[in-house]
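**Q** This is the structure, below, for whatever I ask next.
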Amino acid sequence: MTFFLQQVVDGLTTGSVYALIALGYSMVYGVLKLLNFAHGDIYMVGAFIGYFVLQAFGGATALVAPVAVVLIAMFAAAALGAGLLGVGIERFAYRPLRESPRIAPLITALGVSFFLENAVLLLFGSETRLYSTSSFIPFSTGVHVAGVNISLVRILVVVLAAVLMVGLRVLVERTRLGKAMRAVAFDREAAEMMGIQVDRTISATFFIGSALAGVAGVMAGLVFDQVFSLMGFIAGLKAFTAAVVGGIGNVPGAMLGGLLIGLAESFATGYISSTFQNLIVFGILIGVMLLRPNGLLGRATLQKV
Amino acid sequence: MRNGDRAASDAILLRLEEITTHYGPIRILEQVSIEVGEGELVCLLGGNASGKSTTLKTILGLVRPTSGRVLLRGEDVTNRQVSYRVGRGMAIVPENRRVFAPLTVLENLELGAYLRHGEDLREEFERVYTLFPRLHERGDQLAGTLSGGEQQMLAMGRALMSRPRLLLMDEPSMGLSPALVEQNFEIIAQIHATGVGILVVEQNANMALSIADRGYVLQTGQVVLANRSSELLASDELKKAYLGR
Ligand SMILES: Nc1ncnc2c1ncn2[C@@H]1O[C@H](COP(=O)(O)OP(=O)(O)O)[C@@H](O)[C@H]1O
Ligand SMILES: [Mg+2]
């Protein structure tokens with residue numbers, strides 16, 4: 001039982017990270033019908049930004065400011081940096097191709113992904129960097145009941161992810177920007193006819209989706225410790241899987257998919273072997289696609305008449 | 001011939017000056033000049049693919065003309081964004097309605113007033129709900145689940161939410177049952193009576209001319225007829241123009 005609960009805790013933590021990345025994937029797909037393969041790399045850049053902010057505050061073992069301040073600075077800088085990076089990518093790589101056949105921006109997205117990976121490799125080298133989280137947030141902090149460890153970092157990650165997801169849901173459902181985003185996602189030209197500034201709405205979508213990925217990057221650094229230029233590849237692939245499993249373009253679907261993939265991975269690692277982790281994750285993808293081609297929460301698309 | 005017989009004293013709401021529009025290399029509109037006076041109801045007739053929708057899209061700014069000018073109350077808006085024109089009083093009921101299917105009826109109406117955020121919209125809602133009580137009842141329903149007739153009402157209500165001075169309508173009676181078509185024309189006449197200038201594209205020439213002040217006929221992208229409705233209805237030029245396509 002203890003072991004089981006520990007897998008749940010771990011799964012929810014990883015799942016929260018995947019869910020945040022998946023949200024951005026899904027939002028961008030929603031407005032542009034584009035699989036933004038660079039999204040995982042934006043997450044990687046977010047993790048690096050968090051790392052450098054940590055260093056700027058003296059590094060894990062010699063922080064010159066309270067831990068809370070450092071964490072807020074790491075998350076805020078990563079969100080802002082990643083958000084702006086996403087906006088820039090859309091503006092210069094995708095927007096010029098908006099009227100082209102869909103394969104063109106797709107190939108471009110792959111190109112942007114390689115570009116980011118190699119730019120980071122060139123700038124910061126190939127070595128793995130460590131957040132060394134346990135030096136400033138000791139493992140002993142947090143909740144330890146009946147042999148289950150719920151470290152403070154995990155609580156922080158899950159709670160922050162939950163708050164961001166609720167916030168995003170409110171934004172999409174209740175605000176003027178959210179309505180504009182949904183209108184643009186469904187019918188860009190009709191949205192334009194209403195006077196909606198389509199370009200600005202798409203930029204805002206990229207900013208929010210990329211900022212969430214940046215936050216996820218810092219979370220990953222805090223939980224898994226390791227930051228490296230290729231970390232976005234597999235995480236992006238899993239987040240993409242989560243988005244598709246949940247129903248791509250669907251915000252609650254991305255959350256559900258992310259948590260599901262996180263839990264599946266954690267149970268696969270705990271009960272079988274980490275060797276089978278990816279087999280099981282992508283097995284779920286194939287299974288869900290066979291049974292529910294629109295994803296778990298995706299409806300059969302309402303057709304434009 | 002070009003602009004019929006509009007009384008010279010009326011202020012000009014919309015004026016297209018020798019508009020030529022291309023899609024890629026293909027010329028769709030050629031030297032189209034059209035006017036709509038303040039509060040006037042004008043219909044734009046023509047066979048399939050004669051360029052009616054392209055004319056409306058050029059007016060709204062979804063498509064840019066290769067030459068010519070679009071003037072809205074004397075202001076040259078030819079190079080302005082759609083959102084600017086909507087902010088200046090244009091609204092459209094698009095071909096095939098184009099309601100936002102996954103959004104609720106209420107959200108669709110709110111999007112119609114997208115550029116009027118922060119303003120008090122009670123009056124607009126009241127006006128729209130008076131014209132279309134059905135939309136009030138169905139506020140929380142997803143637009144995609146409405147019947148065709150209800151979607152047409154929603155598309156009109158949505159356009160009215162911006163309190164337009166110039167309402168563009170692209171085949172508002174397409175796909176409606178004969179009874180609904182008639183009801184639809186009554187509503188257009190009612191909107192017209194409130195002082196909104198309307199340019200309506202129609203296939204149903206007789207019906208449209210019966211409520212319009214003036215009409216234009218397009219043929220392969222050119223205005224071939226322009227006159228007061230009564231004259232168009234009386235003469236056989238209209239039939240010739242249609243048969244001649
Ligand atoms: N987006 C487009 N790209 C290329 N050609 C178009 C496009 N839209 C319309 N056309 C062409 O322009 C012509 C006029 O179309 P349209 O203005 O829709 O006519 P109507 O509304 O009178 O039926 C048609 O021949 C149509 O095929
Ligand atoms: Mg048409």
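Residues in the structure tokens are named by chain (A, B, ... in the order shown) and by number from 1 within that chain; ligands are numbered from 1 in the order shown.
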Please tabulate, as CSV, the residues of chain A that come within 10 Å of chain B, each with its closest pair of atoms and the distance in Å to one decimal, counting only C-alpha atoms and ordering rows by chain, then residue number upward.
**A**
```
residue,atom,partner,partner_atom,distance
A:Glu173,CA,B:Leu103,CA,9.6
A:Arg174,CA,B:Glu107,CA,9.6
A:Arg176,CA,B:Tyr114,CA,7.7
A:Leu177,CA,B:Tyr114,CA,9.7
A:Lys179,CA,B:Glu107,CA,7.3
A:Ala180,CA,B:Leu111,CA,7.4
A:Arg182,CA,B:Leu103,CA,7.7
A:Ala183,CA,B:Phe100,CA,6.2
A:Val184,CA,B:Phe100,CA,9.2
A:Ala185,CA,B:Phe100,CA,9.6
A:Phe186,CA,B:Phe100,CA,6.7
A:Asp187,CA,B:Phe100,CA,7.2
A:Glu189,CA,B:Leu62,CA,7.9
A:Ala190,CA,B:Arg98,CA,6.2
A:Ala191,CA,B:Leu111,CA,8.3
A:Glu192,CA,B:Val82,CA,6.7
A:Met193,CA,B:Val82,CA,6.8
A:Met194,CA,B:Gly112,CA,5.5
A:Gly195,CA,B:Ser83,CA,3.9
A:Ile196,CA,B:Ser83,CA,6.2
A:Gln197,CA,B:Ser83,CA,6.4
A:Val198,CA,B:Ser83,CA,9.3
A:Thr301,CA,B:Pro102,CA,8.9
A:Leu302,CA,B:Ala101,CA,6.6
A:Gln303,CA,B:Ala101,CA,7.8
A:Lys304,CA,B:Arg98,CA,6.9
A:Val305,CA,B:Asn96,CA,6.6
```
**Q** List every residue of segment 2-243 of chain B that DSSP, applied to the backbone, labels as strand (DSSP E), and write the result as a PyMOL selection string.
**A** chain B and resi 12-23+26-37+41-46+67-72+75-76+90-93+166-170+197-202+214-219+222-228
**Q** With C-alpha atoms retained, export the selected residues as a JSON list (two decimals), in the first residue's frame.
**A**
```
[["chain", "number", "residue", "atom", "x", "y", "z"],
["B", 12, "ILE", "CA", -23.11, 58.64, -48.22],
["B", 13, "LEU", "CA", -22.45, 55.82, -45.80],
["B", 14, "LEU", "CA", -20.45, 53.51, -48.01],
["B", 15, "ARG", "CA", -18.85, 54.17, -51.32],
["B", 16, "LEU", "CA", -16.87, 51.72, -53.43],
["B", 17, "GLU", "CA", -14.87, 53.51, -56.08],
["B", 18, "GLU", "CA", -13.89, 51.42, -59.07],
["B", 19, "ILE", "CA", -12.87, 48.44, -57.02],
["B", 20, "THR", "CA", -10.86, 45.72, -58.73],
["B", 21, "THR", "CA", -10.10, 42.60, -56.69],
["B", 22, "HIS", "CA", -8.00, 39.59, -57.57],
["B", 23, "TYR", "CA", -7.59, 36.16, -56.04],
["B", 26, "ILE", "CA", -7.56, 35.77, -61.31],
["B", 27, "ARG", "CA", -9.56, 38.95, -61.50],
["B", 28, "ILE", "CA", -12.80, 38.55, -59.56],
["B", 29, "LEU", "CA", -14.11, 42.14, -59.45],
["B", 30, "GLU", "CA", -13.58, 44.75, -62.11],
["B", 31, "GLN", "CA", -14.18, 48.46, -61.57],
["B", 32, "VAL", "CA", -17.06, 47.93, -59.19],
["B", 33, "SER", "CA", -18.62, 51.14, -57.91],
["B", 34, "ILE", "CA", -21.39, 50.90, -55.38],
["B", 35, "GLU", "CA", -22.95, 53.31, -52.93],
["B", 36, "VAL", "CA", -25.08, 52.91, -49.87],
["B", 37, "GLY", "CA", -26.61, 56.00, -48.28],
["B", 41, "LEU", "CA", -31.31, 49.34, -47.91],
["B", 42, "VAL", "CA", -29.50, 48.25, -51.05],
["B", 43, "CYS", "CA", -29.43, 44.80, -52.55],
["B", 44, "LEU", "CA", -26.66, 43.24, -54.56],
["B", 45, "LEU", "CA", -27.91, 40.65, -57.02],
["B", 46, "GLY", "CA", -26.18, 38.31, -59.39],
["B", 67, "SER", "CA", -7.14, 49.06, -57.13],
["B", 68, "GLY", "CA", -9.95, 51.37, -56.18],
["B", 69, "ARG", "CA", -11.07, 52.75, -52.83],
["B", 70, "VAL", "CA", -13.48, 51.89, -50.05],
["B", 71, "LEU", "CA", -14.90, 54.94, -48.31],
["B", 72, "LEU", "CA", -16.88, 54.68, -45.09],
["B", 75, "GLU", "CA", -13.13, 58.13, -44.74],
["B", 76, "ASP", "CA", -10.81, 56.07, -46.92],
["B", 90, "MET", "CA", -19.41, 47.86, -40.16],
["B", 91, "ALA", "CA", -20.81, 44.44, -39.32],
["B", 92, "ILE", "CA", -21.50, 41.36, -41.38],
["B", 93, "VAL", "CA", -23.91, 38.47, -41.42],
["B", 166, "LEU", "CA", -23.63, 49.58, -42.06],
["B", 167, "LEU", "CA", -24.81, 45.99, -42.02],
["B", 168, "LEU", "CA", -23.54, 43.64, -44.72],
["B", 169, "MET", "CA", -25.57, 40.48, -45.28],
["B", 170, "ASP", "CA", -24.50, 37.62, -47.50],
["B", 197, "GLY", "CA", -27.75, 51.12, -43.67],
["B", 198, "ILE", "CA", -27.87, 47.66, -45.22],
["B", 199, "LEU", "CA", -26.19, 46.05, -48.19],
["B", 200, "VAL", "CA", -27.74, 42.65, -48.71],
["B", 201, "VAL", "CA", -26.61, 40.00, -51.19],
["B", 202, "GLU", "CA", -29.45, 37.86, -52.44],
["B", 214, "ARG", "CA", -32.09, 50.24, -54.77],
["B", 215, "GLY", "CA", -30.33, 47.33, -56.37],
["B", 216, "TYR", "CA", -27.16, 46.48, -58.23],
["B", 217, "VAL", "CA", -26.63, 43.48, -60.46],
["B", 218, "LEU", "CA", -23.21, 41.90, -60.77],
["B", 219, "GLN", "CA", -22.18, 39.75, -63.67],
["B", 222, "GLN", "CA", -18.88, 43.84, -63.10],
["B", 223, "VAL", "CA", -21.87, 45.97, -62.25],
["B", 224, "VAL", "CA", -24.18, 45.57, -65.23],
["B", 225, "LEU", "CA", -27.29, 47.15, -63.76],
["B", 226, "ALA", "CA", -27.97, 49.71, -61.07],
["B", 227, "ASN", "CA", -31.30, 51.28, -60.41],
["B", 228, "ARG", "CA", -34.11, 51.90, -57.99]]
```
**Q** Using only C-alpha atoms and all ligand atoms, find the one residue out of B:Glu38, B:Glu237, B:Glu171, B:Glu123 that sits nearest to ligand 1.
**A** B:Glu171
**Q** Neighbouring residues of ligand 2 are defined here as those with any atom at most 8 Å from a ligand atom, counting only C-alpha atoms and all ligand atoms; list them as a list in words.
**A**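 The distance check yields Asn48, Ala49, Gly51, Lys52, Ser53, Thr54, Glu95, Asp170, Glu171 and Val201 of chain B.
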**Q** Excluding segment 238-247 of chain A and residues on its chain fewer than 6 positions from it, collect all residues at most 9 Å away from it, counting only C-alpha atoms, and give them as a PyMOL selection string.
**A** chain A and resi 17-23+25-26+35+37+40+253-262+278+281-282+284-286+288-289+292-299
**Q** Using DSSP on the backbone coordinates, identify all residues within segment 24-149 of chain B classified as helix (DSSP H, G or I); present the result as a CSV table (one decimal) with N, CA and C atoms, in the first residue's frame.
**A**
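out-v1.csv written:
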```
chain,number,residue,atom,x,y,z
B,52,LYS,N,-20.3,38.4,-55.7
B,52,LYS,CA,-21.1,39.1,-54.6
B,52,LYS,C,-20.4,39.0,-53.3
B,53,SER,N,-20.0,37.8,-52.9
B,53,SER,CA,-19.3,37.6,-51.6
B,53,SER,C,-18.0,38.3,-51.6
B,54,THR,N,-17.3,38.3,-52.7
B,54,THR,CA,-16.0,39.0,-52.8
B,54,THR,C,-16.2,40.5,-52.6
B,55,THR,N,-17.3,41.0,-53.1
B,55,THR,CA,-17.6,42.4,-52.9
B,55,THR,C,-17.7,42.7,-51.4
B,56,LEU,N,-18.5,41.9,-50.7
B,56,LEU,CA,-18.7,42.2,-49.3
B,56,LEU,C,-17.4,42.0,-48.5
B,57,LYS,N,-16.6,41.0,-48.9
B,57,LYS,CA,-15.3,40.8,-48.2
B,57,LYS,C,-14.4,41.9,-48.5
B,58,THR,N,-14.4,42.5,-49.7
B,58,THR,CA,-13.6,43.7,-49.9
B,58,THR,C,-14.0,44.9,-49.1
B,59,ILE,N,-15.3,45.0,-49.0
B,59,ILE,CA,-15.8,46.2,-48.2
B,59,ILE,C,-15.4,46.0,-46.7
B,60,LEU,N,-15.5,44.8,-46.2
B,60,LEU,CA,-15.1,44.6,-44.8
B,60,LEU,C,-13.6,44.6,-44.6
B,82,VAL,N,-9.7,44.8,-40.7
B,82,VAL,CA,-11.1,44.5,-40.5
B,82,VAL,C,-11.6,45.1,-39.2
B,83,SER,N,-10.7,44.9,-38.1
B,83,SER,CA,-11.2,45.4,-36.8
B,83,SER,C,-11.4,46.9,-36.8
B,84,TYR,N,-10.6,47.6,-37.5
B,84,TYR,CA,-10.8,49.1,-37.6
B,84,TYR,C,-12.2,49.4,-38.2
B,85,ARG,N,-12.5,48.7,-39.3
B,85,ARG,CA,-13.7,49.0,-40.0
B,85,ARG,C,-14.9,48.6,-39.1
B,86,VAL,N,-14.8,47.5,-38.4
B,86,VAL,CA,-15.9,47.1,-37.5
B,86,VAL,C,-16.0,48.1,-36.4
B,87,GLY,N,-14.9,48.6,-35.9
B,87,GLY,CA,-15.0,49.7,-34.9
B,87,GLY,C,-15.6,50.9,-35.4
B,105,VAL,N,-24.8,30.5,-27.2
B,105,VAL,CA,-25.5,31.6,-27.9
B,105,VAL,C,-25.1,32.9,-27.3
B,106,LEU,N,-25.1,33.0,-26.0
B,106,LEU,CA,-24.8,34.2,-25.3
B,106,LEU,C,-23.3,34.6,-25.7
B,107,GLU,N,-22.4,33.7,-25.7
B,107,GLU,CA,-21.0,34.0,-26.0
B,107,GLU,C,-20.9,34.5,-27.4
B,108,ASN,N,-21.7,33.9,-28.3
B,108,ASN,CA,-21.7,34.4,-29.7
B,108,ASN,C,-22.1,35.8,-29.8
B,109,LEU,N,-23.2,36.1,-29.0
B,109,LEU,CA,-23.6,37.5,-29.0
B,109,LEU,C,-22.6,38.5,-28.4
B,110,GLU,N,-22.0,38.0,-27.4
B,110,GLU,CA,-20.9,38.8,-26.7
B,110,GLU,C,-19.8,39.1,-27.7
B,111,LEU,N,-19.4,38.1,-28.5
B,111,LEU,CA,-18.3,38.3,-29.5
B,111,LEU,C,-18.7,39.3,-30.6
B,112,GLY,N,-20.0,39.4,-30.8
B,112,GLY,CA,-20.5,40.4,-31.8
B,112,GLY,C,-20.2,41.8,-31.3
B,114,TYR,N,-17.5,42.4,-29.5
B,114,TYR,CA,-16.1,42.3,-29.0
B,114,TYR,C,-15.4,43.6,-28.8
B,115,LEU,N,-15.6,44.5,-29.8
B,115,LEU,CA,-14.8,45.8,-29.7
B,115,LEU,C,-15.5,46.8,-28.8
B,116,ARG,N,-16.6,46.4,-28.2
B,116,ARG,CA,-17.3,47.4,-27.3
B,116,ARG,C,-17.2,47.0,-25.9
B,122,ARG,N,-26.7,46.5,-22.4
B,122,ARG,CA,-28.0,46.1,-22.1
B,122,ARG,C,-29.0,46.5,-23.2
B,123,GLU,N,-28.8,47.7,-23.8
B,123,GLU,CA,-29.7,48.1,-24.8
B,123,GLU,C,-29.6,47.2,-26.1
B,124,GLU,N,-28.4,46.8,-26.4
B,124,GLU,CA,-28.2,45.9,-27.5
B,124,GLU,C,-28.8,44.6,-27.3
B,125,PHE,N,-28.6,44.0,-26.1
B,125,PHE,CA,-29.2,42.7,-25.8
B,125,PHE,C,-30.7,42.8,-25.9
B,126,GLU,N,-31.3,43.9,-25.4
B,126,GLU,CA,-32.7,44.1,-25.4
B,126,GLU,C,-33.2,44.2,-26.9
B,127,ARG,N,-32.5,44.9,-27.7
B,127,ARG,CA,-32.9,45.1,-29.1
B,127,ARG,C,-32.9,43.7,-29.8
B,128,VAL,N,-31.8,43.0,-29.6
B,128,VAL,CA,-31.6,41.7,-30.2
B,128,VAL,C,-32.7,40.7,-29.7
B,129,TYR,N,-32.9,40.7,-28.4
B,129,TYR,CA,-33.9,39.7,-27.9
B,129,TYR,C,-35.3,40.1,-28.3
B,130,THR,N,-35.6,41.4,-28.5
B,130,THR,CA,-36.9,41.8,-29.0
B,130,THR,C,-37.1,41.2,-30.4
B,131,LEU,N,-36.1,41.4,-31.2
B,131,LEU,CA,-36.2,40.9,-32.6
B,131,LEU,C,-36.2,39.3,-32.6
B,133,PRO,N,-36.7,36.6,-29.9
B,133,PRO,CA,-36.9,36.1,-28.5
B,133,PRO,C,-36.3,34.7,-28.3
B,134,ARG,N,-36.2,34.0,-29.4
B,134,ARG,CA,-35.7,32.6,-29.3
B,134,ARG,C,-34.2,32.6,-28.7
B,135,LEU,N,-33.5,33.6,-29.1
B,135,LEU,CA,-32.1,33.7,-28.7
B,135,LEU,C,-32.0,33.9,-27.2
B,136,HIS,N,-32.9,34.6,-26.6
B,136,HIS,CA,-33.0,34.8,-25.2
B,136,HIS,C,-33.2,33.5,-24.4
B,137,GLU,N,-34.1,32.7,-25.0
B,137,GLU,CA,-34.4,31.4,-24.3
B,137,GLU,C,-33.3,30.5,-24.4
B,143,ALA,N,-24.2,27.0,-29.9
B,143,ALA,CA,-24.7,27.5,-31.1
B,143,ALA,C,-24.8,26.4,-32.2
B,144,GLY,N,-23.9,25.4,-32.1
B,144,GLY,CA,-23.9,24.4,-33.1
B,144,GLY,C,-25.1,23.5,-33.0
B,145,THR,N,-25.8,23.5,-31.8
B,145,THR,CA,-27.0,22.7,-31.7
B,145,THR,C,-28.2,23.4,-32.1
B,148,GLY,N,-31.1,25.5,-38.3
B,148,GLY,CA,-30.6,26.4,-39.3
B,148,GLY,C,-31.2,27.8,-39.2
B,149,GLY,N,-32.5,27.8,-39.0
B,149,GLY,CA,-33.2,29.1,-38.8
B,149,GLY,C,-32.7,29.9,-37.6
```
**Q** Between B:Leu154, B:Met174, B:Leu232, B:Leu238, single out the one closest to ligand 1, counting only C-alpha atoms and all ligand atoms.
**A** B:Met174
**Q** Show me, as a ChimeraX atom specification, the residues that have an atom within 7 Å of segment 217-220 of chain A when counting only C-alpha atoms, minus same-chain residues fewer than 5 positions from it.
**A** /A:17,43-44,46-47,50,75,157
**Q** Selected residues, N, CA and C atoms, written as a PDB file, in the first residue's frame, please.
**A**
```
ATOM      1  N   VAL A  17       3.623  18.097 -14.451  1.00  0.00           N
ATOM      2  CA  VAL A  17       4.566  18.700 -15.393  1.00  0.00           C
ATOM      3  C   VAL A  17       4.109  18.425 -16.831  1.00  0.00           C
ATOM      4  N   TYR A  43      10.025  24.395 -23.205  1.00  0.00           N
ATOM      5  CA  TYR A  43      10.070  23.872 -21.831  1.00  0.00           C
ATOM      6  C   TYR A  43      11.520  23.740 -21.369  1.00  0.00           C
ATOM      7  N   MET A  44      12.364  23.241 -22.250  1.00  0.00           N
ATOM      8  CA  MET A  44      13.783  23.098 -21.935  1.00  0.00           C
ATOM      9  C   MET A  44      14.407  24.476 -21.651  1.00  0.00           C
ATOM     10  N   GLY A  46      12.897  27.059 -20.596  1.00  0.00           N
ATOM     11  CA  GLY A  46      12.379  27.485 -19.289  1.00  0.00           C
ATOM     12  C   GLY A  46      13.201  26.887 -18.157  1.00  0.00           C
ATOM     13  N   ALA A  47      13.553  25.602 -18.292  1.00  0.00           N
ATOM     14  CA  ALA A  47      14.346  24.938 -17.259  1.00  0.00           C
ATOM     15  C   ALA A  47      15.718  25.604 -17.136  1.00  0.00           C
ATOM     16  N   GLY A  50      15.421  28.995 -15.382  1.00  0.00           N
ATOM     17  CA  GLY A  50      15.315  28.763 -13.935  1.00  0.00           C
ATOM     18  C   GLY A  50      16.685  28.462 -13.334  1.00  0.00           C
ATOM     19  N   PHE A  75      10.501  30.951 -11.297  1.00  0.00           N
ATOM     20  CA  PHE A  75       9.270  30.679 -12.054  1.00  0.00           C
ATOM     21  C   PHE A  75       8.872  31.874 -12.914  1.00  0.00           C
ATOM     22  N   VAL A 157       4.921  21.653  -6.575  1.00  0.00           N
ATOM     23  CA  VAL A 157       4.691  21.428  -8.007  1.00  0.00           C
ATOM     24  C   VAL A 157       3.219  21.131  -8.277  1.00  0.00           C
TER      25      VAL A 157
END
```
**Q** In Å, rounded to a single decimal, give me how far atom CA of Tyr131 of chain A is from atom CA of Asp41 of chain A.
**A**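 Interatomic distance, atom CA of Asp41 of chain A to atom CA of Tyr131 of chain A: 18.1 Å.
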**Q** Name the closest residue to ligand 1 among the candidates B:Leu142, B:Ser210, B:Ser230, B:Gly221; distances are taken between atoms, counting only C-alpha atoms and all ligand atoms.
**A**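 Looking at the shortest contact to ligand 1, the residue is B:Gly221.
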